[in-house]
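Pasting my_file19.txt here (compact mmCIF, C-alpha atoms):
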# COMPACT_ATOMS: atom_id res chain seq x y z
CA MET A 1 0.00 0.00 0.00
CA ALA A 2 3.05 2.27 0.04
CA ILE A 3 2.15 3.73 -3.37
CA SER A 4 -0.92 5.38 -1.80
CA GLU A 5 0.36 5.98 1.71
CA THR A 6 3.49 7.81 0.55
CA SER A 7 1.45 10.55 -1.11
CA LEU A 8 -0.66 10.96 2.01
CA ARG A 9 2.49 11.43 4.08
CA ASP A 10 3.93 13.93 1.60
CA VAL A 11 0.74 16.00 1.52
CA LEU A 12 0.67 16.17 5.30
CA LEU A 13 4.32 17.20 5.54
CA PHE A 14 3.74 19.87 2.91
CA THR A 15 0.71 21.13 4.85
CA PHE A 16 2.62 21.24 8.13
CA ASP A 17 5.38 23.29 6.50
CA GLU A 18 2.79 25.67 5.10
CA ILE A 19 1.10 26.09 8.48
CA ASN A 20 4.43 26.59 10.25
CA ALA A 21 5.48 29.22 7.69
CA ASN A 22 2.33 31.14 8.62
CA GLY A 23 2.96 31.11 12.35
CA GLY A 24 2.01 27.59 13.32
CA VAL A 25 -0.91 26.71 15.58
CA LEU A 26 -1.61 28.97 18.56
CA GLY A 27 1.86 30.39 18.16
CA LYS A 28 3.60 27.02 18.20
CA GLN A 29 5.25 25.12 15.37
CA ILE A 30 3.94 21.73 14.30
CA GLU A 31 6.50 18.95 14.72
CA ALA A 32 5.96 15.97 12.42
CA VAL A 33 6.76 12.48 13.70
CA VAL A 34 6.65 9.87 10.93
CA ALA A 35 6.14 6.16 11.58
CA ASP A 36 6.00 3.47 8.90
CA GLY A 37 3.37 0.75 9.22
CA ALA A 38 5.12 -1.18 6.42
CA SER A 39 1.74 -2.34 5.05
CA ASP A 40 1.70 -4.84 7.94
CA TRP A 41 -1.39 -4.59 10.11
CA PRO A 42 0.14 -5.57 13.51
CA VAL A 43 2.95 -3.08 12.84
CA PHE A 44 0.34 -0.31 12.61
CA ALA A 45 -0.71 -1.13 16.18
CA GLU A 46 2.92 -1.15 17.34
CA LYS A 47 3.67 2.18 15.68
CA ALA A 48 0.47 3.71 17.05
CA GLU A 49 1.58 2.79 20.58
CA GLN A 50 5.02 4.25 19.91
CA LEU A 51 3.52 7.52 18.67
CA LEU A 52 1.13 7.83 21.61
CA ALA A 53 3.15 6.46 24.54
CA LYS A 54 6.70 7.46 23.57
CA ASP A 55 6.44 10.38 21.16
CA LYS A 56 3.37 11.89 22.87
CA VAL A 57 1.81 13.08 19.62
CA ALA A 58 -1.27 15.30 19.83
CA ALA A 59 -2.95 13.80 16.76
CA THR A 60 -2.21 11.07 14.25
CA PHE A 61 -3.05 11.14 10.54
CA GLY A 62 -2.85 7.77 8.89
CA CYS A 63 -3.83 4.19 8.21
CA TRP A 64 -4.91 3.58 4.62
CA THR A 65 -6.88 0.37 4.84
CA SER A 66 -9.71 -0.48 7.19
CA VAL A 67 -7.79 -3.48 8.49
CA SER A 68 -4.83 -1.28 9.50
CA ARG A 69 -7.27 1.09 11.21
CA LYS A 70 -8.96 -1.78 13.08
CA PHE A 71 -5.60 -3.02 14.36
CA ALA A 72 -4.70 0.48 15.59
CA LEU A 73 -8.12 1.34 17.04
CA PRO A 74 -7.70 -0.42 20.43
CA VAL A 75 -4.40 1.40 20.93
CA PHE A 76 -5.95 4.81 20.33
CA GLU A 77 -8.79 3.97 22.72
CA LYS A 78 -6.33 2.68 25.35
CA TYR A 79 -4.28 5.90 25.33
CA ASN A 80 -7.23 8.17 24.49
CA GLY A 81 -5.39 9.31 21.38
CA LEU A 82 -6.87 10.87 18.25
CA LEU A 83 -6.60 9.33 14.78
CA PHE A 84 -7.68 11.12 11.60
CA TYR A 85 -8.54 8.38 9.10
CA PRO A 86 -8.19 9.79 5.55
CA VAL A 87 -9.94 7.26 3.30
CA GLN A 88 -13.47 6.12 2.49
CA TYR A 89 -14.56 3.22 4.67
CA GLU A 90 -17.23 0.58 4.98
CA GLY A 91 -19.07 1.97 8.02
CA GLU A 92 -20.16 -0.39 10.80
CA GLU A 93 -17.69 1.23 13.20
CA GLU A 94 -17.52 4.36 15.29
CA SER A 95 -15.15 5.52 17.97
CA PRO A 96 -14.68 8.82 19.82
CA ASN A 97 -10.95 8.39 19.15
CA ILE A 98 -11.22 8.33 15.35
CA ILE A 99 -12.25 11.11 12.97
CA TYR A 100 -13.53 9.39 9.81
CA THR A 101 -12.90 12.06 7.19
CA ALA A 102 -14.27 10.36 4.09
CA GLU A 103 -17.35 8.53 2.86
CA ALA A 104 -19.17 5.43 3.98
CA VAL A 105 -20.88 3.07 1.52
CA GLY A 106 -24.14 5.04 1.42
CA GLN A 107 -22.29 8.22 0.45
CA GLN A 108 -20.04 6.78 -2.26
CA ALA A 109 -20.70 3.25 -3.53
CA ILE A 110 -24.50 3.30 -3.53
CA PRO A 111 -24.73 6.67 -5.38
CA ALA A 112 -22.32 5.29 -7.99
CA VAL A 113 -24.47 2.18 -8.44
CA ASP A 114 -27.55 4.39 -8.72
CA TYR A 115 -25.80 6.26 -11.52
CA LEU A 116 -25.03 3.02 -13.35
CA LEU A 117 -28.60 1.78 -12.95
CA ALA A 118 -29.89 5.07 -14.33
CA GLU A 119 -27.53 4.65 -17.29
CA GLY A 120 -29.20 1.33 -18.07
CA TYR A 121 -26.64 -1.17 -16.80
CA LYS A 122 -28.18 -4.48 -15.74
CA LYS A 123 -25.16 -6.66 -14.97
CA PHE A 124 -22.62 -5.91 -12.25
CA TYR A 125 -19.30 -7.70 -11.73
CA LEU A 126 -17.82 -7.17 -8.25
CA ILE A 127 -14.05 -7.36 -7.77
CA GLY A 128 -11.87 -6.21 -4.88
CA THR A 129 -8.90 -6.74 -2.62
CA ASP A 130 -9.49 -9.34 0.06
CA TYR A 131 -9.93 -7.33 3.24
CA VAL A 132 -12.56 -5.49 5.27
CA TYR A 133 -13.61 -2.55 3.09
CA PRO A 134 -14.19 -4.39 -0.24
CA GLN A 135 -15.84 -7.39 1.39
CA THR A 136 -18.25 -5.26 3.43
CA THR A 137 -18.95 -2.79 0.65
CA ASN A 138 -19.70 -5.50 -1.89
CA ILE A 139 -22.06 -7.50 0.32
CA VAL A 140 -23.97 -4.26 0.93
CA LEU A 141 -24.04 -3.60 -2.82
CA PHE A 142 -25.15 -7.18 -3.48
CA GLU A 143 -28.20 -6.72 -1.26
CA TYR A 144 -28.81 -3.27 -2.72
CA LEU A 145 -28.73 -4.58 -6.29
CA LEU A 146 -31.19 -7.33 -5.37
CA SER A 147 -33.49 -4.69 -3.89
CA LYS A 148 -33.34 -2.84 -7.23
CA GLY A 149 -34.49 -5.91 -9.13
CA ILE A 150 -31.10 -7.13 -10.38
CA PRO A 151 -31.20 -10.96 -10.37
CA VAL A 152 -28.44 -12.95 -8.66
CA GLU A 153 -27.22 -14.33 -12.00
CA ASN A 154 -26.51 -10.75 -13.13
CA ILE A 155 -24.12 -10.14 -10.24
CA GLY A 156 -20.71 -11.51 -11.17
CA GLY A 157 -17.62 -12.43 -9.20
CA GLY A 158 -19.13 -15.19 -7.09
CA ILE A 159 -21.49 -15.38 -4.13
CA ARG A 160 -20.70 -17.36 -0.97
CA TYR A 161 -23.54 -18.49 1.27
CA GLU A 162 -23.79 -19.77 4.82
CA GLY A 163 -27.08 -21.58 4.80
CA ASP A 164 -29.50 -19.31 2.97
CA VAL A 165 -27.60 -16.13 3.83
CA ALA A 166 -25.12 -14.52 1.43
CA VAL A 167 -21.99 -13.65 3.43
CA SER A 168 -19.63 -12.66 0.61
CA ALA A 169 -20.14 -11.26 -2.88
CA GLY A 170 -17.42 -10.71 -5.45
CA ASN A 171 -14.04 -11.94 -6.65
CA TYR A 172 -11.16 -11.11 -4.31
CA THR A 173 -7.39 -11.02 -4.72
CA PRO A 174 -4.56 -10.43 -2.19
CA PHE A 175 -2.83 -7.09 -1.71
CA GLY A 176 -0.24 -6.54 -4.43
CA HIS A 177 -1.82 -9.10 -6.77
CA THR A 178 -0.45 -8.91 -10.32
CA ASP A 179 -1.91 -11.75 -12.41
CA PHE A 180 -5.41 -10.77 -13.54
CA GLN A 181 -5.53 -12.74 -16.78
CA GLN A 182 -8.11 -15.28 -15.63
CA ILE A 183 -10.27 -12.71 -13.86
CA VAL A 184 -10.31 -10.37 -16.85
CA ALA A 185 -11.23 -13.28 -19.12
CA GLU A 186 -14.15 -13.95 -16.79
CA ILE A 187 -15.17 -10.29 -16.91
CA LYS A 188 -14.99 -10.37 -20.71
CA ASP A 189 -17.31 -13.39 -20.83
CA PHE A 190 -19.63 -11.79 -18.26
CA SER A 191 -19.92 -8.59 -20.31
CA ALA A 192 -20.25 -10.24 -23.73
CA SER A 193 -24.05 -9.99 -23.71
CA GLY A 194 -23.92 -6.22 -23.09
CA GLU A 195 -25.30 -3.87 -20.40
CA ALA A 196 -22.52 -4.93 -18.01
CA CYS A 197 -20.18 -2.94 -15.77
CA VAL A 198 -17.55 -3.59 -13.11
CA ILE A 199 -17.55 -2.34 -9.52
CA ASN A 200 -13.86 -2.22 -8.57
CA THR A 201 -12.73 -2.12 -4.95
CA ILE A 202 -9.16 -3.24 -5.66
CA ASN A 203 -6.90 -1.13 -3.46
CA GLY A 204 -3.41 0.18 -4.09
CA ASP A 205 -0.89 -0.73 -6.78
CA ALA A 206 -2.77 -3.89 -7.85
CA ASN A 207 -5.01 -1.55 -9.85
CA VAL A 208 -2.20 -1.03 -12.36
CA PRO A 209 -1.84 -4.68 -13.54
CA PHE A 210 -5.63 -5.06 -13.41
CA PHE A 211 -6.21 -2.21 -15.85
CA LYS A 212 -3.26 -3.25 -17.99
CA GLU A 213 -4.87 -6.67 -18.37
CA ILE A 214 -8.20 -5.01 -19.17
CA ALA A 215 -6.49 -3.04 -21.94
CA ALA A 216 -4.67 -6.14 -23.24
CA SER A 217 -7.97 -8.02 -23.44
CA GLY A 218 -9.43 -5.41 -25.77
CA LEU A 219 -12.20 -4.42 -23.37
CA THR A 220 -13.12 -0.73 -23.46
CA SER A 221 -15.45 1.48 -21.49
CA ASP A 222 -18.02 1.08 -24.26
CA ASP A 223 -17.95 -2.70 -23.72
CA CYS A 224 -17.88 -2.69 -19.93
CA PRO A 225 -17.22 0.49 -17.90
CA ILE A 226 -15.40 0.19 -14.59
CA VAL A 227 -16.14 2.28 -11.50
CA SER A 228 -13.24 2.32 -9.02
CA PHE A 229 -13.49 3.43 -5.39
CA SER A 230 -9.86 3.01 -4.27
CA LEU A 231 -7.92 4.37 -7.23
CA SER A 232 -5.73 7.32 -6.31
CA GLU A 233 -3.64 9.66 -8.44
CA ASP A 234 -0.55 7.53 -7.80
CA GLU A 235 -2.04 4.42 -9.38
CA PHE A 236 -3.76 6.49 -12.05
CA ARG A 237 -0.41 7.68 -13.38
CA GLY A 238 0.53 4.06 -14.10
CA LEU A 239 -2.60 3.15 -16.07
CA PRO A 240 -2.55 2.52 -19.86
CA THR A 241 -5.14 5.24 -20.45
CA LYS A 242 -4.57 5.42 -24.21
CA ASP A 243 -5.46 1.74 -24.56
CA LEU A 244 -8.54 1.74 -22.37
CA GLY A 245 -10.79 3.55 -24.84
CA TRP A 246 -12.33 5.84 -22.25
CA SER A 247 -15.39 7.41 -23.82
CA PRO A 248 -17.30 10.51 -22.67
CA ARG A 249 -19.64 8.13 -20.80
CA MET A 250 -16.71 6.63 -18.90
CA LEU A 251 -15.43 10.09 -18.06
CA ASP A 252 -18.87 10.89 -16.65
CA ILE A 253 -18.68 7.80 -14.47
CA LEU A 254 -15.19 8.69 -13.29
CA HIS A 255 -16.44 12.18 -12.52
CA VAL A 256 -19.20 10.75 -10.36
CA ASP A 257 -16.63 8.52 -8.66
CA ARG A 258 -14.42 11.47 -7.80
CA LEU A 259 -17.37 13.52 -6.59
CA CYS A 260 -18.14 10.62 -4.27
CA CYS A 261 -14.55 10.15 -3.19
CA GLU A 262 -13.32 13.65 -2.50

File written out as structure tokens:
Amino acid sequence: MAISETSLRDVLLFTFDEINANGGVLGKQIEAVVADGASDWPVFAEKAEQLLAKDKVAATFGCWTSVSRKFALPVFEKYNGLLFYPVQYEGEEESPNIIYTAEAVGQQAIPAVDYLLAEGYKKFYLIGTDYVYPQTTNIVLFEYLLSKGIPVENIGGGIRYEGDVAVSAGNYTPFGHTDFQQIVAEIKDFSASGEACVINTINGDANVPFFKEIAASGLTSDDCPIVSFSLSEDEFRGLPTKDLGWSPRMLDILHVDRLCCE
């Protein structure tokens, strides 16, 4: 996740310098203390304790994934620290020690699906990274799509049931996954009949090989548009945009995505 987290760190350091150049906060300069979670969830908890107990920070800005936040949460509650969480999240959690600065599912993913439904799409393929946010978001979207009259067979990626209850919806890959050939072939088959789209909750640098495989397959936005919820500027710079055939319609969808995300 370093490709996304590095930019967050750089923006914060830039902002601190800007604030300090204008007199700081209440006449005092901001001192930045940087800790690296190394994309390892237990390490986030260790570093959170270091920041709070040893460095005595006043506020922490960080964690990129929901799983890193969940590992750090008990530490912030133990020391009564304050964490500003900078990314959209799946909801189903609240704490007086965390400021959730971005959108939950009802403010981002559901409006995007509403847009796609209004555009006439009737088939939805769900794909994401295998952790808390994509899994929770996609099971919510699965139930939402059913409530809108989309049949189960028109929701791609796979559904897992426990008894009669759907507990997981979508196709999931590990962090840093690079081989999307089989998945993209499945998406191509799924979209062959038309009126299909992809809901993408892949997080971090795995977006780059995913979209490269999409481009290599010959799929374009006219064939099967993709709405992405965890695609930042860093990953975007690595995408084969010239080969993706992004049409005005796709740009509209991306615009809706960014309105939801920022």

All residues 10 Å or closer to Ile155 (chain A), all atoms listed in the file, same chain fewer than 5 positions away omitted, as a PyMOL selection string: chain A and resi 122-126+141-142+145-146+150+169-170+190+196-198

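Distance annotation: of A:Glu119, A:Glu77, A:Glu31, A:Asp189, the residue with the minimal separation from Val57 (chain A) is A:Glu31; atom set is all atoms listed in the file.
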
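Restricting the calculation to only C-alpha atoms, the smallest distance between Phe229 (chain A) and any of A:Glu92, A:Asp55, A:Glu49, A:Glu103 is found for A:Glu103.
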
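Between CA of Ala216 (chain A) and CA of Tyr133 (chain A) the separation is 28.0 Å.
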
Expected answer as an NGL selection string: all residues with atoms within 6 Å of (-3.4, 1.0, 16.3), only C-alpha atoms: :A and (44-45 or 48 or 71-73 or 75)

Residues within 12 Å of Ile127 (chain A), only C-alpha atoms, excluding chain neighbours under 4 positions, as a PyMOL selection string: chain A and resi 131+133-135+137-139+141-142+155-159+168-174+180+183-184+186-187+197-203+206-207+210+226-230
